[in-house]
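Contents: one structure, followed by commentary.
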Amino acid sequence: MKLTEINIYPLKSGAGNAVQSSTVEPRGLKGDRRWMATDEDGGFITARRFPKLVLVRLDIGADWSLRLSAPGMPTLQVAAASAEPREVVVWQSQTTASDAGDQAARWMSDYLETACRIVFQGNNDRRTIEEWPSVQADDTVSFADGYPVLIIGTASLAALNDRLVEPVKMDRFRPNIVVETQIPFVEDSWRQVRIGDCVFDAVKRCARCVLTTIDPQTGTKNPEGEPLSTLHAMRFDADAKGILFGMNLIPRSGGTINLSDRLSFDD
């Protein structure tokens with residue numbers, strides 16, 4: 001097996017960046033979902049409510065400065081966030097983050113047409129992972145919904161597309177890692193994944209939501225609720241109470257992954 005994609009999403013719900021290699025850190029791939037839009041009370045904002053957030057591109061400088069761009073908006077360069085930590089909320093978890101400042105807040109507020117802020121998760125900001133088998137007490141995660149890394153096999157997308165009137169690309173599902181597979185949903189059976197010298201625990205199948213109905217190229221929702229409607233018919237699990245597609249991973253060793261790396265797994 002081999003990798004076909006490595007993707008970083010610097011801004012939660014924002015545009016992804018395809019890369020050739022990435023450093024693996026305890027909280028996920030370096031730079032992945034370390035920035036997030038919030039309301040003025042620190043509540044997280046995603047494309048579920050503001051679909052055009054998927055069109056916002058955030059590029060990170062070597063010093064953690066950020067460059068924001070989006071259709072119809074001027075490009076904005078902002079220094080690294082250095083304000084005092086503030087409380088923010090992602091689903092049921094509370095954590096701390098640094099505010100990126102008023103200039104970035106005005107930019108995002110103008111774009112989304114609602115009052116908001118942009119925050120950064122620094123190395124000292126720790127967000128724990130909900131209890132689950134294979135989750136350890138000191139495991140941490142970025143602003144991703146629940147787990148540090150998401151992996152999907154190409155055969156799983158092919159199986160879904162075989163049932164869709166209009167096939168979709170893998171970017172609908174925002175994976176960090178895409179691997180070439182021959183058997184649909186084989187990733188469901190993985191318990192540990194090795195990519196090069198990096199080891200990951202396969203922790204929990206990923207439950208999917210309305211975000212998959214938003215086209216990442218246009219920022220618009222599919223009026224028929226696809227591909228989620230078809231995926232529901234294929235992959236709804238009553239016990240898990242979710243529509244499952246992809247596998248969540250937790251890094252167990254650091255290092256670097258590359259597109260040239262081979263992949264192996266234990267089931």
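Ligands are numbered from 1 in the order shown, residues from 1 within each chain, and chains are lettered A, B, ... in the order they appear in the structure tokens.
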Quick one: residues within 6 Å of region 13-16 of chain A, only C-alpha atoms counted, chain neighbours fewer than 5 positions away excluded, as a PyMOL selection string? chain A and resi 8+46-47+53-57
Just N, CA and C atoms for this one: save the residues we selected as a PDB file, in the first residue's frame.
ATOM      1  N   ILE A   8      -3.094  19.129   4.876  1.00  0.00           N
ATOM      2  CA  ILE A   8      -3.091  19.943   6.089  1.00  0.00           C
ATOM      3  C   ILE A   8      -4.215  20.968   5.952  1.00  0.00           C
ATOM      4  N   THR A  46     -17.826  26.891  12.325  1.00  0.00           N
ATOM      5  CA  THR A  46     -17.434  26.007  11.229  1.00  0.00           C
ATOM      6  C   THR A  46     -18.288  26.255  10.001  1.00  0.00           C
ATOM      7  N   ALA A  47     -17.949  25.532   8.931  1.00  0.00           N
ATOM      8  CA  ALA A  47     -18.694  25.643   7.680  1.00  0.00           C
ATOM      9  C   ALA A  47     -20.068  25.003   7.764  1.00  0.00           C
ATOM     10  N   LEU A  53     -16.879  29.313   4.517  1.00  0.00           N
ATOM     11  CA  LEU A  53     -15.640  29.224   5.271  1.00  0.00           C
ATOM     12  C   LEU A  53     -14.668  28.248   4.614  1.00  0.00           C
ATOM     13  N   VAL A  54     -15.177  27.269   3.870  1.00  0.00           N
ATOM     14  CA  VAL A  54     -14.300  26.295   3.210  1.00  0.00           C
ATOM     15  C   VAL A  54     -13.423  26.935   2.150  1.00  0.00           C
ATOM     16  N   LEU A  55     -13.754  28.166   1.732  1.00  0.00           N
ATOM     17  CA  LEU A  55     -12.986  28.862   0.705  1.00  0.00           C
ATOM     18  C   LEU A  55     -11.872  29.724   1.278  1.00  0.00           C
ATOM     19  N   VAL A  56     -11.815  29.838   2.608  1.00  0.00           N
ATOM     20  CA  VAL A  56     -10.777  30.653   3.243  1.00  0.00           C
ATOM     21  C   VAL A  56      -9.467  29.862   3.268  1.00  0.00           C
ATOM     22  N   ARG A  57      -8.440  30.464   2.698  1.00  0.00           N
ATOM     23  CA  ARG A  57      -7.120  29.840   2.710  1.00  0.00           C
ATOM     24  C   ARG A  57      -6.249  30.542   3.747  1.00  0.00           C
TER      25      ARG A  57
END
Residues of region 120-188 of chain A that approach region 18-31 of chain A to 7 Å or less, counting only C-alpha atoms: could you list each one with the shortest pair of atoms and its distance in Å to one decimal, rows by chain and increasing residue number, as a Markdown table?
| residue | atom | partner | partner_atom | distance |
| --- | --- | --- | --- | --- |
| A:Thr140 | CA | A:Arg27 | CA | 5.3 |
| A:Val141 | CA | A:Arg27 | CA | 4.3 |
| A:Ser142 | CA | A:Arg27 | CA | 5.6 |
| A:Pro148 | CA | A:Gly28 | CA | 4.4 |
| A:Val149 | CA | A:Gly28 | CA | 5.6 |
Report as a PyMOL selection string: the residues of region 55-154 of chain A with a DSSP assignment of strand (DSSP E), based on the backbone of this structure. chain A and resi 57-60+66-69+76-78+86-90+93-99+117-120+149-153
Write to file, as a PDB file, in the first residue's frame, the residues of the selection just made, with C-alpha atoms.
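The result, stored in part-v9.pdb:
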ATOM      1  CA  ARG A  57      -7.120  29.840   2.710  1.00  0.00           C
ATOM      2  CA  LEU A  58      -4.788  30.290   5.641  1.00  0.00           C
ATOM      3  CA  ASP A  59      -1.075  29.953   4.982  1.00  0.00           C
ATOM      4  CA  ILE A  60       1.316  29.699   7.917  1.00  0.00           C
ATOM      5  CA  LEU A  66      -0.659  33.836   9.002  1.00  0.00           C
ATOM      6  CA  ARG A  67      -1.779  34.933   5.568  1.00  0.00           C
ATOM      7  CA  LEU A  68      -5.535  34.983   4.942  1.00  0.00           C
ATOM      8  CA  SER A  69      -7.173  34.972   1.529  1.00  0.00           C
ATOM      9  CA  LEU A  76      -4.212  39.871   4.867  1.00  0.00           C
ATOM     10  CA  GLN A  77      -0.848  39.188   6.497  1.00  0.00           C
ATOM     11  CA  VAL A  78      -0.919  39.011  10.301  1.00  0.00           C
ATOM     12  CA  ARG A  86      -8.543  32.992  26.277  1.00  0.00           C
ATOM     13  CA  GLU A  87     -11.065  30.236  26.795  1.00  0.00           C
ATOM     14  CA  VAL A  88     -12.532  28.651  23.661  1.00  0.00           C
ATOM     15  CA  VAL A  89     -14.968  25.779  23.139  1.00  0.00           C
ATOM     16  CA  VAL A  90     -14.932  23.011  20.508  1.00  0.00           C
ATOM     17  CA  SER A  93     -14.340  20.476  25.183  1.00  0.00           C
ATOM     18  CA  GLN A  94     -12.911  23.670  26.622  1.00  0.00           C
ATOM     19  CA  THR A  95      -9.345  24.754  26.017  1.00  0.00           C
ATOM     20  CA  THR A  96      -7.214  27.877  25.728  1.00  0.00           C
ATOM     21  CA  ALA A  97      -5.990  29.705  22.655  1.00  0.00           C
ATOM     22  CA  SER A  98      -4.340  32.993  21.677  1.00  0.00           C
ATOM     23  CA  ASP A  99      -6.290  35.652  19.811  1.00  0.00           C
ATOM     24  CA  ARG A 117     -12.456  36.269  16.156  1.00  0.00           C
ATOM     25  CA  ILE A 118      -9.577  34.092  14.954  1.00  0.00           C
ATOM     26  CA  VAL A 119      -7.602  32.140  17.539  1.00  0.00           C
ATOM     27  CA  PHE A 120      -4.425  30.054  17.517  1.00  0.00           C
ATOM     28  CA  VAL A 149      -5.516  12.434  12.154  1.00  0.00           C
ATOM     29  CA  LEU A 150      -8.087  11.102   9.663  1.00  0.00           C
ATOM     30  CA  ILE A 151      -7.207   8.414   7.114  1.00  0.00           C
ATOM     31  CA  ILE A 152      -9.394   7.157   4.222  1.00  0.00           C
ATOM     32  CA  GLY A 153      -8.793   4.482   1.587  1.00  0.00           C
TER      33      GLY A 153
END
Gap from CA of Lys204 (chain A) to CA of Val178 (chain A) - Å, one decimal: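 Pair CA of Lys204 (chain A) / CA of Val178 (chain A) returns 16.5 Å.
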Nearest residue to Thr212 (chain A) out of A:Asp171, A:Asp145, A:Glu113, A:Glu187, using only C-alpha atoms?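 Under the stated criterion, the closest residue is A:Asp171.
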Measuring atom to atom with only C-alpha atoms, identify which of A:Arg208, A:Glu130, A:Gln217, A:Leu263 is nearest to Asp237 (chain A).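 Of A:Arg208, A:Glu130, A:Gln217, A:Leu263, the one nearest Asp237 (chain A), counting only C-alpha atoms, is A:Arg208.
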Could you tell me how far CA of Arg33 (chain A) sits from CA of Arg194 (chain A), in Å to one decimal place?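 Taking CA of Arg194 (chain A) as the start and CA of Arg33 (chain A) as the end point, the length is 22.5 Å.
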Residue set, region 32-153 of chain A restricted to helix (DSSP H, G or I), as a VMD selection string: chain A and resid 51 to 55 102 to 112
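Taking only C-alpha atoms into account, Asp215 (chain A) lies nearest to A:Val168 out of the set A:Leu231, A:Met73, A:Val168, A:Ile6.
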Give me, as an mmCIF file with C-alpha atoms, in the first residue's frame, all polymer residues having an atom no more than 12 Å from Asp197 (chain A), counting only C-alpha atoms and skipping those fewer than 5 positions away in the same chain.
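part36.cif written:
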data_model
loop_
_atom_site.group_PDB
_atom_site.id
_atom_site.type_symbol
_atom_site.label_atom_id
_atom_site.label_comp_id
_atom_site.auth_asym_id
_atom_site.auth_seq_id
_atom_site.Cartn_x
_atom_site.Cartn_y
_atom_site.Cartn_z
ATOM 1 C CA THR A 23 5.959 16.286 10.456
ATOM 2 C CA VAL A 24 3.871 14.141 12.803
ATOM 3 C CA PRO A 251 0.080 9.285 16.646
ATOM 4 C CA ARG A 252 2.153 7.024 18.872
ATOM 5 C CA SER A 253 5.563 8.040 17.521
ATOM 6 C CA GLY A 254 6.769 11.260 15.933
ATOM 7 C CA GLY A 255 8.702 11.733 12.751
ATOM 8 C CA THR A 256 7.939 12.605 9.152
ATOM 9 C CA ILE A 257 5.580 11.003 6.643
ATOM 10 C CA ASN A 258 6.137 11.309 2.894
ATOM 11 C CA ASP A 261 6.369 6.048 2.182
ATOM 12 C CA ARG A 262 4.857 2.593 2.264
ATOM 13 C CA LEU A 263 2.021 1.793 4.644
ATOM 14 C CA SER A 264 1.429 -1.298 6.735
#
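Counting only C-alpha atoms, Ile243 (chain A) has the following residues at most 6 Å away, ignoring those fewer than 3 positions along the same chain: Ala207, Arg208, His232, Arg235 and Phe236 of chain A.
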Next, write the just-selected residues to a file, as a compact mmCIF listing (two decimals), in the first residue's frame, keeping C-alpha atoms as the atom set.
# COMPACT_ATOMS: atom_id res chain seq x y z
CA ALA A 207 -18.86 9.81 11.98
CA ARG A 208 -19.77 12.16 9.13
CA HIS A 232 -26.34 7.13 5.14
CA ARG A 235 -22.85 3.24 6.21
CA PHE A 236 -25.23 4.19 9.01
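Of the residues under consideration (A:Asn176, A:Ser156, A:Gln121, A:Thr75), A:Asn176 shows the shortest atom-to-atom contact distance to Tyr9 (chain A) when counting only C-alpha atoms.
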One-decimal distance in Å that lies between CA of Arg205 (chain A) and CA of Leu244 (chain A):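 The value is 6.1 Å.
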Please determine, counting only C-alpha atoms, which residue among A:Gly122, A:Asp41, A:Val193, A:Lys52 has the shortest atom-to-atom distance to Trp64 (chain A).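 Closest candidate: A:Gly122.
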Between A:Ala37, A:Val210, A:Ala202, A:Cys116, single out the one closest to Val135 (chain A), counting only C-alpha atoms. A:Ala202
